[in-house]
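Student: Sharing final_34.csv here; it has CSV, N, CA and C atoms.
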chain,number,residue,atom,x,y,z
T,23,MET,N,-29.8,-37.1,-8.6
T,23,MET,CA,-30.6,-35.9,-8.4
T,23,MET,C,-30.3,-35.3,-7.1
T,24,TYR,N,-30.1,-36.1,-6.0
T,24,TYR,CA,-29.8,-35.5,-4.7
T,24,TYR,C,-28.4,-34.9,-4.7
T,25,LEU,N,-27.4,-35.6,-5.4
T,25,LEU,CA,-26.1,-35.1,-5.5
T,25,LEU,C,-26.0,-33.8,-6.2
T,26,LYS,N,-26.8,-33.7,-7.3
T,26,LYS,CA,-26.8,-32.5,-8.1
T,26,LYS,C,-27.3,-31.3,-7.4
T,27,GLN,N,-28.3,-31.5,-6.5
T,27,GLN,CA,-28.8,-30.4,-5.8
T,27,GLN,C,-27.8,-29.9,-4.7
T,28,ASN,N,-27.0,-30.8,-4.2
T,28,ASN,CA,-26.1,-30.4,-3.2
T,28,ASN,C,-24.8,-29.7,-3.8
T,29,MET,N,-24.7,-29.8,-5.1
T,29,MET,CA,-23.5,-29.2,-5.7
T,29,MET,C,-23.7,-27.8,-6.2
T,30,LYS,N,-24.7,-27.1,-5.7
T,30,LYS,CA,-25.0,-25.7,-6.0
T,30,LYS,C,-23.8,-24.9,-5.5
T,31,PRO,N,-23.6,-23.7,-6.1
T,31,PRO,CA,-22.4,-22.9,-5.8
T,31,PRO,C,-22.4,-22.2,-4.5
T,32,LYS,N,-22.8,-22.9,-3.4
T,32,LYS,CA,-22.8,-22.1,-2.1
T,32,LYS,C,-21.3,-21.9,-1.6
T,33,HIS,N,-20.4,-22.6,-2.2
T,33,HIS,CA,-19.0,-22.3,-1.8
T,33,HIS,C,-18.2,-21.7,-2.9
T,34,SER,N,-18.8,-21.3,-4.0
T,34,SER,CA,-18.0,-20.7,-5.1
T,34,SER,C,-17.4,-19.3,-4.7
T,35,PHE,N,-18.1,-18.6,-3.9
T,35,PHE,CA,-17.7,-17.3,-3.4
T,35,PHE,C,-16.4,-17.5,-2.5
T,36,LEU,N,-16.4,-18.5,-1.7
T,36,LEU,CA,-15.2,-18.7,-0.8
T,36,LEU,C,-14.0,-19.2,-1.6
T,37,ILE,N,-14.3,-20.0,-2.7
T,37,ILE,CA,-13.2,-20.4,-3.5
T,37,ILE,C,-12.6,-19.2,-4.3
T,38,ARG,N,-13.5,-18.3,-4.7
T,38,ARG,CA,-13.0,-17.1,-5.4
T,38,ARG,C,-12.2,-16.2,-4.4
T,39,VAL,N,-12.6,-16.1,-3.2
T,39,VAL,CA,-11.9,-15.3,-2.2
T,39,VAL,C,-10.6,-15.9,-1.9
T,40,TYR,N,-10.5,-17.2,-1.8
T,40,TYR,CA,-9.3,-17.9,-1.6
T,40,TYR,C,-8.3,-17.7,-2.8
T,41,ASP,N,-8.8,-17.7,-4.0
T,41,ASP,CA,-8.0,-17.5,-5.2
T,41,ASP,C,-7.3,-16.1,-5.1
T,42,TYR,N,-8.1,-15.1,-4.8
T,42,TYR,CA,-7.6,-13.8,-4.7
T,42,TYR,C,-6.6,-13.6,-3.5
T,43,LEU,N,-6.9,-14.3,-2.4
T,43,LEU,CA,-5.9,-14.2,-1.3
T,43,LEU,C,-4.6,-14.9,-1.7
T,44,ALA,N,-4.7,-16.1,-2.4
T,44,ALA,CA,-3.5,-16.8,-2.8
T,44,ALA,C,-2.7,-15.9,-3.8
T,45,ALA,N,-3.4,-15.2,-4.7
T,45,ALA,CA,-2.7,-14.3,-5.6
T,45,ALA,C,-2.0,-13.2,-4.9
T,46,LEU,N,-2.6,-12.7,-3.9
T,46,LEU,CA,-2.0,-11.6,-3.0
T,46,LEU,C,-0.7,-12.2,-2.4
T,47,VAL,N,-0.8,-13.4,-1.8
T,47,VAL,CA,0.3,-14.0,-1.1
T,47,VAL,C,1.5,-14.3,-2.1
T,48,PHE,N,1.1,-14.8,-3.3
T,48,PHE,CA,2.1,-15.0,-4.4
T,48,PHE,C,2.9,-13.8,-4.7
T,49,GLY,N,2.1,-12.7,-4.9
T,49,GLY,CA,2.8,-11.4,-5.2
T,49,GLY,C,3.6,-10.9,-4.1
T,50,VAL,N,3.1,-10.9,-2.9
T,50,VAL,CA,3.9,-10.3,-1.8
T,50,VAL,C,5.2,-11.1,-1.5
T,51,VAL,N,5.1,-12.4,-1.5
T,51,VAL,CA,6.3,-13.2,-1.2
T,51,VAL,C,7.3,-13.1,-2.4
T,52,SER,N,6.9,-13.1,-3.6
T,52,SER,CA,7.8,-13.0,-4.7
T,52,SER,C,8.5,-11.6,-4.7
T,53,ALA,N,7.7,-10.6,-4.6
T,53,ALA,CA,8.3,-9.2,-4.7
T,53,ALA,C,9.2,-8.9,-3.6
T,54,THR,N,8.9,-9.3,-2.3
T,54,THR,CA,9.7,-9.0,-1.2
T,54,THR,C,11.0,-9.8,-1.2
T,55,ALA,N,10.9,-11.1,-1.5
T,55,ALA,CA,12.0,-12.0,-1.5
T,55,ALA,C,13.0,-11.6,-2.5
T,56,VAL,N,12.5,-11.3,-3.7
T,56,VAL,CA,13.4,-11.0,-4.8
T,56,VAL,C,14.1,-9.7,-4.6
T,57,ALA,N,13.4,-8.7,-4.0
T,57,ALA,CA,14.0,-7.4,-3.8
T,57,ALA,C,15.2,-7.4,-2.8
T,58,PHE,N,15.1,-8.4,-1.9
T,58,PHE,CA,16.2,-8.4,-0.9
T,58,PHE,C,17.4,-9.3,-1.4
T,59,ILE,N,17.1,-10.1,-2.4
T,59,ILE,CA,18.2,-11.1,-2.8
T,59,ILE,C,19.0,-10.4,-3.9
T,60,ILE,N,18.4,-9.8,-4.9
T,60,ILE,CA,19.1,-9.2,-6.1
T,60,ILE,C,19.7,-7.9,-5.7
T,61,PRO,N,21.0,-7.7,-6.0
T,61,PRO,CA,21.7,-6.4,-5.6
T,61,PRO,C,21.2,-5.3,-6.5
T,62,ALA,N,21.2,-4.1,-6.0
T,62,ALA,CA,20.7,-2.9,-6.7
T,62,ALA,C,21.7,-2.4,-7.7
T,63,HIS,N,22.9,-2.8,-7.6
T,63,HIS,CA,24.0,-2.3,-8.5
T,63,HIS,C,24.0,-3.0,-9.9
T,64,TRP,N,23.2,-4.1,-10.1
T,64,TRP,CA,23.2,-4.8,-11.3
T,64,TRP,C,22.6,-4.0,-12.4
T,65,PRO,N,22.8,-4.2,-13.7
T,65,PRO,CA,22.1,-3.5,-14.7
T,65,PRO,C,20.6,-3.9,-14.7
T,66,VAL,N,19.8,-2.9,-15.2
T,66,VAL,CA,18.4,-3.1,-15.0
T,66,VAL,C,17.8,-4.3,-15.8
T,67,GLY,N,18.3,-4.5,-17.0
T,67,GLY,CA,17.9,-5.7,-17.7
T,67,GLY,C,18.2,-7.0,-17.1
T,68,VAL,N,19.4,-7.1,-16.5
T,68,VAL,CA,19.7,-8.3,-15.8
T,68,VAL,C,18.9,-8.5,-14.5
T,69,MET,N,18.6,-7.4,-13.8
T,69,MET,CA,17.8,-7.4,-12.6
T,69,MET,C,16.4,-7.9,-12.9
T,70,MET,N,15.8,-7.4,-14.0
T,70,MET,CA,14.5,-7.8,-14.4
T,70,MET,C,14.4,-9.2,-14.7
T,71,ILE,N,15.3,-9.7,-15.6
T,71,ILE,CA,15.2,-11.2,-15.9
T,71,ILE,C,15.5,-12.0,-14.7
T,72,THR,N,16.5,-11.7,-13.9
T,72,THR,CA,16.8,-12.5,-12.7
T,72,THR,C,15.6,-12.4,-11.8
T,73,GLY,N,15.0,-11.2,-11.7
T,73,GLY,CA,13.8,-11.1,-10.8
T,73,GLY,C,12.7,-11.9,-11.2
T,74,MET,N,12.5,-12.1,-12.5
T,74,MET,CA,11.4,-12.9,-13.0
T,74,MET,C,11.6,-14.4,-12.7
T,75,LEU,N,12.8,-14.8,-13.0
T,75,LEU,CA,13.2,-16.2,-12.7
T,75,LEU,C,13.1,-16.5,-11.2
T,76,THR,N,13.7,-15.6,-10.4
T,76,THR,CA,13.7,-15.9,-8.9
T,76,THR,C,12.3,-15.7,-8.4
T,77,GLY,N,11.5,-14.8,-8.9
T,77,GLY,CA,10.1,-14.7,-8.4
T,77,GLY,C,9.3,-16.0,-8.6
T,78,MET,N,9.5,-16.6,-9.8
T,78,MET,CA,8.8,-17.9,-10.0
T,78,MET,C,9.3,-19.0,-9.0
T,79,LEU,N,10.6,-19.0,-8.7
T,79,LEU,CA,11.1,-19.9,-7.7
T,79,LEU,C,10.5,-19.7,-6.3
T,80,PHE,N,10.3,-18.4,-6.0
T,80,PHE,CA,9.7,-18.2,-4.7
T,80,PHE,C,8.2,-18.4,-4.6
T,81,ALA,N,7.6,-18.3,-5.8
T,81,ALA,CA,6.2,-18.6,-5.9
T,81,ALA,C,5.9,-20.1,-5.8
T,82,LEU,N,6.9,-20.9,-6.1
T,82,LEU,CA,6.7,-22.4,-6.1
T,82,LEU,C,6.4,-23.0,-4.7
T,83,PRO,N,7.1,-22.6,-3.6
T,83,PRO,CA,6.8,-23.2,-2.3
T,83,PRO,C,5.4,-22.7,-1.8
T,84,VAL,N,5.1,-21.5,-2.2
T,84,VAL,CA,3.7,-21.0,-1.8
T,84,VAL,C,2.7,-21.7,-2.5
T,85,LEU,N,2.9,-22.1,-3.8
T,85,LEU,CA,2.0,-22.9,-4.6
T,85,LEU,C,1.8,-24.2,-4.0
T,86,ILE,N,2.9,-24.9,-3.6
T,86,ILE,CA,2.9,-26.2,-3.0
T,86,ILE,C,2.1,-26.2,-1.7
T,87,ALA,N,2.4,-25.2,-0.9
T,87,ALA,CA,1.7,-25.1,0.4
T,87,ALA,C,0.2,-24.8,0.2
T,88,SER,N,-0.2,-24.0,-0.8
T,88,SER,CA,-1.6,-23.7,-0.9
T,88,SER,C,-2.4,-24.7,-1.7
T,89,THR,N,-1.7,-25.6,-2.4
T,89,THR,CA,-2.4,-26.7,-3.1
T,89,THR,C,-3.0,-27.7,-2.1
T,90,ILE,N,-2.4,-27.7,-0.9
T,90,ILE,CA,-2.9,-28.7,0.1
T,90,ILE,C,-4.4,-28.3,0.5
T,91,ILE,N,-4.7,-27.0,0.5
T,91,ILE,CA,-6.0,-26.5,0.8
T,91,ILE,C,-7.0,-26.7,-0.3
T,92,LEU,N,-6.7,-26.3,-1.5
T,92,LEU,CA,-7.7,-26.2,-2.6
T,92,LEU,C,-7.4,-27.1,-3.7
T,93,GLY,N,-6.1,-27.3,-4.1
T,93,GLY,CA,-5.8,-28.1,-5.2
T,93,GLY,C,-5.0,-27.2,-6.2
T,94,GLY,N,-4.1,-27.8,-6.9
T,94,GLY,CA,-3.2,-27.1,-7.8
T,94,GLY,C,-3.8,-26.5,-9.0
T,95,PHE,N,-4.9,-27.0,-9.5
T,95,PHE,CA,-5.4,-26.6,-10.8
T,95,PHE,C,-5.9,-25.1,-10.7
T,96,GLU,N,-6.5,-24.8,-9.6
T,96,GLU,CA,-7.1,-23.4,-9.4
T,96,GLU,C,-5.9,-22.4,-9.4
T,97,LEU,N,-4.8,-22.8,-8.9
T,97,LEU,CA,-3.7,-21.8,-8.6
T,97,LEU,C,-2.6,-21.9,-9.6
T,98,LEU,N,-2.5,-23.0,-10.3
T,98,LEU,CA,-1.3,-23.2,-11.1
T,98,LEU,C,-1.1,-22.1,-12.2
T,99,MET,N,-2.2,-21.8,-12.9
T,99,MET,CA,-2.1,-20.9,-14.0
T,99,MET,C,-1.7,-19.5,-13.6
T,100,MET,N,-2.1,-19.0,-12.5
T,100,MET,CA,-1.8,-17.7,-12.1
T,100,MET,C,-0.5,-17.6,-11.3
T,101,SER,N,-0.1,-18.7,-10.6
T,101,SER,CA,1.0,-18.6,-9.7
T,101,SER,C,2.4,-18.2,-10.4
T,102,MET,N,2.7,-18.9,-11.4
T,102,MET,CA,3.9,-18.6,-12.1
T,102,MET,C,3.9,-17.2,-12.8
T,103,GLN,N,2.8,-16.8,-13.3
T,103,GLN,CA,2.7,-15.5,-13.9
T,103,GLN,C,2.9,-14.4,-12.9
T,104,ILE,N,2.2,-14.6,-11.7
T,104,ILE,CA,2.3,-13.6,-10.7
T,104,ILE,C,3.7,-13.6,-10.1
T,105,GLY,N,4.3,-14.8,-9.9
T,105,GLY,CA,5.7,-14.8,-9.4
T,105,GLY,C,6.7,-14.1,-10.3
T,106,MET,N,6.5,-14.3,-11.6
T,106,MET,CA,7.4,-13.7,-12.6
T,106,MET,C,7.2,-12.2,-12.6
T,107,PHE,N,6.0,-11.7,-12.7
T,107,PHE,CA,5.8,-10.2,-12.8
T,107,PHE,C,6.0,-9.6,-11.4
T,108,ALA,N,5.7,-10.2,-10.3
T,108,ALA,CA,5.9,-9.6,-9.0
T,108,ALA,C,7.4,-9.6,-8.7
T,109,GLY,N,8.2,-10.6,-9.2
T,109,GLY,CA,9.6,-10.6,-9.0
T,109,GLY,C,10.2,-9.4,-9.7
T,110,MET,N,9.8,-9.2,-11.0
T,110,MET,CA,10.3,-8.1,-11.7
T,110,MET,C,9.8,-6.7,-11.1
T,111,THR,N,8.6,-6.7,-10.6
T,111,THR,CA,8.1,-5.4,-9.9
T,111,THR,C,8.9,-5.2,-8.6
T,112,GLY,N,9.2,-6.2,-7.9
T,112,GLY,CA,9.9,-6.1,-6.6
T,112,GLY,C,11.3,-5.6,-6.8
T,113,VAL,N,12.0,-6.0,-7.9
T,113,VAL,CA,13.3,-5.5,-8.2
T,113,VAL,C,13.3,-4.1,-8.6
T,114,MET,N,12.3,-3.7,-9.4
T,114,MET,CA,12.2,-2.3,-9.8
T,114,MET,C,11.7,-1.4,-8.7
T,115,ALA,N,11.0,-1.9,-7.7
T,115,ALA,CA,10.5,-1.1,-6.6
T,115,ALA,C,11.7,-0.8,-5.6
T,116,GLY,N,12.6,-1.7,-5.6
T,116,GLY,CA,13.8,-1.5,-4.7
T,116,GLY,C,13.5,-2.0,-3.3
T,117,SER,N,14.5,-2.2,-2.5
T,117,SER,CA,14.4,-2.7,-1.2
T,117,SER,C,14.4,-1.6,-0.1
T,118,ASP,N,14.3,-0.4,-0.5
T,118,ASP,CA,14.3,0.7,0.5
T,118,ASP,C,13.2,0.7,1.5
T,119,ASP,N,12.0,0.5,1.0
T,119,ASP,CA,10.8,0.5,1.8
T,119,ASP,C,10.0,-0.8,1.7
T,120,VAL,N,9.9,-1.5,2.8
T,120,VAL,CA,9.2,-2.8,2.8
T,120,VAL,C,7.7,-2.6,2.5
T,121,THR,N,7.1,-1.6,2.9
T,121,THR,CA,5.7,-1.3,2.7
T,121,THR,C,5.5,-1.2,1.2
T,122,ARG,N,6.4,-0.5,0.5
T,122,ARG,CA,6.2,-0.3,-1.0
T,122,ARG,C,6.4,-1.7,-1.7
T,123,LEU,N,7.3,-2.5,-1.2
T,123,LEU,CA,7.4,-3.9,-1.8
T,123,LEU,C,6.2,-4.7,-1.6
T,124,ILE,N,5.6,-4.7,-0.4
T,124,ILE,CA,4.4,-5.5,-0.1
T,124,ILE,C,3.2,-5.0,-1.0
T,125,LEU,N,3.1,-3.6,-1.1
T,125,LEU,CA,2.0,-3.1,-1.9
T,125,LEU,C,2.2,-3.4,-3.3
T,126,ALA,N,3.4,-3.3,-3.8
T,126,ALA,CA,3.7,-3.6,-5.2
T,126,ALA,C,3.4,-5.1,-5.5
T,127,GLY,N,3.8,-6.0,-4.6
T,127,GLY,CA,3.6,-7.4,-4.9
T,127,GLY,C,2.1,-7.7,-4.8
T,128,ALA,N,1.4,-7.1,-3.8
T,128,ALA,CA,0.0,-7.4,-3.6
T,128,ALA,C,-0.8,-6.9,-4.8
T,129,LEU,N,-0.5,-5.7,-5.3
T,129,LEU,CA,-1.3,-5.1,-6.4
T,129,LEU,C,-1.0,-5.9,-7.7
T,130,THR,N,0.3,-6.4,-7.8
T,130,THR,CA,0.6,-7.2,-9.0
T,130,THR,C,-0.1,-8.5,-9.0
T,131,GLY,N,-0.2,-9.2,-7.8
T,131,GLY,CA,-0.9,-10.4,-7.7
T,131,GLY,C,-2.4,-10.3,-7.9
T,132,ILE,N,-3.0,-9.3,-7.3
T,132,ILE,CA,-4.4,-9.2,-7.5
T,132,ILE,C,-4.8,-8.7,-8.9
T,133,GLY,N,-3.9,-7.8,-9.4
T,133,GLY,CA,-4.2,-7.3,-10.8
T,133,GLY,C,-4.1,-8.4,-11.8
T,134,ILE,N,-3.1,-9.3,-11.7
T,134,ILE,CA,-2.9,-10.4,-12.7
T,134,ILE,C,-4.1,-11.4,-12.6
T,135,HIS,N,-4.4,-11.7,-11.3
T,135,HIS,CA,-5.5,-12.6,-11.1
T,135,HIS,C,-6.9,-12.0,-11.6
T,136,LEU,N,-7.1,-10.8,-11.4
T,136,LEU,CA,-8.3,-10.1,-11.9
T,136,LEU,C,-8.4,-10.2,-13.4
T,137,ILE,N,-7.2,-9.9,-14.1
T,137,ILE,CA,-7.2,-10.0,-15.5
T,137,ILE,C,-7.5,-11.4,-16.0
T,138,LEU,N,-6.9,-12.4,-15.4
T,138,LEU,CA,-7.1,-13.8,-15.8
T,138,LEU,C,-8.6,-14.2,-15.5
T,139,HIS,N,-9.2,-13.7,-14.4
T,139,HIS,CA,-10.6,-14.0,-14.1
T,139,HIS,C,-11.5,-13.4,-15.1
T,140,ILE,N,-11.2,-12.1,-15.5
T,140,ILE,CA,-12.1,-11.5,-16.5
T,140,ILE,C,-12.0,-12.2,-17.9
T,141,ILE,N,-10.8,-12.5,-18.3
T,141,ILE,CA,-10.6,-13.2,-19.5
T,141,ILE,C,-11.3,-14.6,-19.5
T,142,ASP,N,-11.1,-15.3,-18.4
T,142,ASP,CA,-11.8,-16.6,-18.3
T,142,ASP,C,-13.3,-16.4,-18.3
T,143,PHE,N,-13.8,-15.4,-17.7
T,143,PHE,CA,-15.3,-15.2,-17.7
T,143,PHE,C,-15.8,-14.8,-19.1
T,144,LEU,N,-15.0,-14.0,-19.8
T,144,LEU,CA,-15.4,-13.6,-21.2
T,144,LEU,C,-15.4,-14.8,-22.1
T,145,GLN,N,-14.4,-15.7,-21.9
T,145,GLN,CA,-14.3,-16.9,-22.8
T,145,GLN,C,-15.3,-18.0,-22.5
T,146,HIS,N,-15.5,-18.2,-21.2
T,146,HIS,CA,-16.3,-19.4,-20.8
T,146,HIS,C,-17.6,-19.1,-20.1
T,147,GLY,N,-17.7,-17.9,-19.6
T,147,GLY,CA,-18.9,-17.6,-18.7
T,147,GLY,C,-18.6,-18.1,-17.4
T,148,GLU,N,-19.7,-18.0,-16.5
T,148,GLU,CA,-19.5,-18.4,-15.1
T,148,GLU,C,-19.5,-20.0,-15.2
T,149,VAL,N,-18.5,-20.5,-14.5
T,149,VAL,CA,-18.3,-22.0,-14.5
T,149,VAL,C,-19.3,-22.7,-13.8
T,150,VAL,N,-19.7,-22.2,-12.6
T,150,VAL,CA,-20.7,-22.9,-11.8
T,150,VAL,C,-21.9,-21.9,-11.7
T,151,THR,N,-23.0,-22.3,-12.3
T,151,THR,CA,-24.2,-21.4,-12.2
T,151,THR,C,-25.3,-21.9,-11.2
T,152,GLY,N,-25.4,-23.2,-11.0
T,152,GLY,CA,-26.4,-23.8,-10.1
T,152,GLY,C,-27.7,-23.9,-10.8
T,153,ASP,N,-27.9,-23.6,-12.1
T,153,ASP,CA,-29.2,-23.7,-12.7
T,153,ASP,C,-29.4,-25.0,-13.4
T,154,GLU,N,-28.4,-25.9,-13.4
T,154,GLU,CA,-28.6,-27.2,-14.1
T,154,GLU,C,-29.6,-28.0,-13.3
For this file, write the structure as structure tokens.
Tutor:
Amino acid sequence: MYLKQNMKPKHSFLIRVYDYLAALVFGVVSATAVAFIIPAHWPVGVMMITGMLTGMLFALPVLIASTIILGGFELLMMSMQIGMFAGMTGVMAGSDDVTRLILAGALTGIGIHLILHIIDFLQHGEVVTGDE
């Protein structure tokens, strides 16, 4: 009984904020790194596929570093998707303007995580309610 009362969701807001910050970092790192590695003279299809693969590779060290804080289960589902799409977005945004790359990666990361959060909420409801 005592343990159940102490498990109320007083930290669920902080966990959610951490999830969105991690999604932002995944997107920014993947988009900027990929845009500077892949040459702009490649064909668009090759750039997109290479950007997706390379974006996932750059999201992996960020995932490993962030799992130390919260754990991998919270971040695993979104990290590879964000890395893939942010890598593709970074290649398409080009490496001319770093601010555009950072913004494209951040919006990609937050957008994908928001979509996953809404889908999860519609399928399962709020995971921790504190009413038990």
Student: Residues at most 6 Å from segment 48-55 of chain T, counting only N, CA and C atoms, excluding those fewer than 6 positions away in the same chain, as a ChimeraX atom specification?
Tutor: /T:77,80-81,104-105,108-109,111-113,123-124,126-128,130-131
Student: Once DSSP has gone over the backbone, tell me which residues of segment 25-105 of chain T are in alpha helix (DSSP H), as a ChimeraX atom specification.
Tutor: /T:25-28,34-59,66-89,94-105
Student: Between T:Leu85, T:Val120, T:Val56, T:Ile137, which is the closest to Thr72 of chain T once you count all atoms listed in the file?
Tutor: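 Comparing T:Leu85, T:Val120, T:Val56, T:Ile137 against Thr72 of chain T, the winner is T:Val56.
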Student: Would you compute the distance between atom CA of Tyr40 of chain T and atom CA of Ile132 of chain T? Give it in Å to one decimal.
Tutor: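 A separation of 11.6 Å between them.
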Student: Rounded to one decimal place, report the atom CA of Ala57 of chain T-atom CA of Ser117 of chain T distance in Å.
Tutor: 5.4 Å
Student: Which value, in Å to one decimal, gives the distance between atom CA of Ile71 of chain T and atom N of Met110 of chain T?
Tutor: 7.6 Å
Student: Between T:Leu129, T:Ile134, T:Ile37, T:Ala44, which is the closest to Ser88 of chain T once you count only N, CA and C atoms?
Tutor: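 Looking at the shortest contact to Ser88 of chain T, the residue is T:Ala44.
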Student: Just want the 8 Å neighbourhood of Leu79 of chain T, counted on all atoms listed in the file, with same-chain residues fewer than 5 positions away dropped. Output as a PyMOL selection string.
Tutor: chain T and resi 52+73-74+84+102+105-106
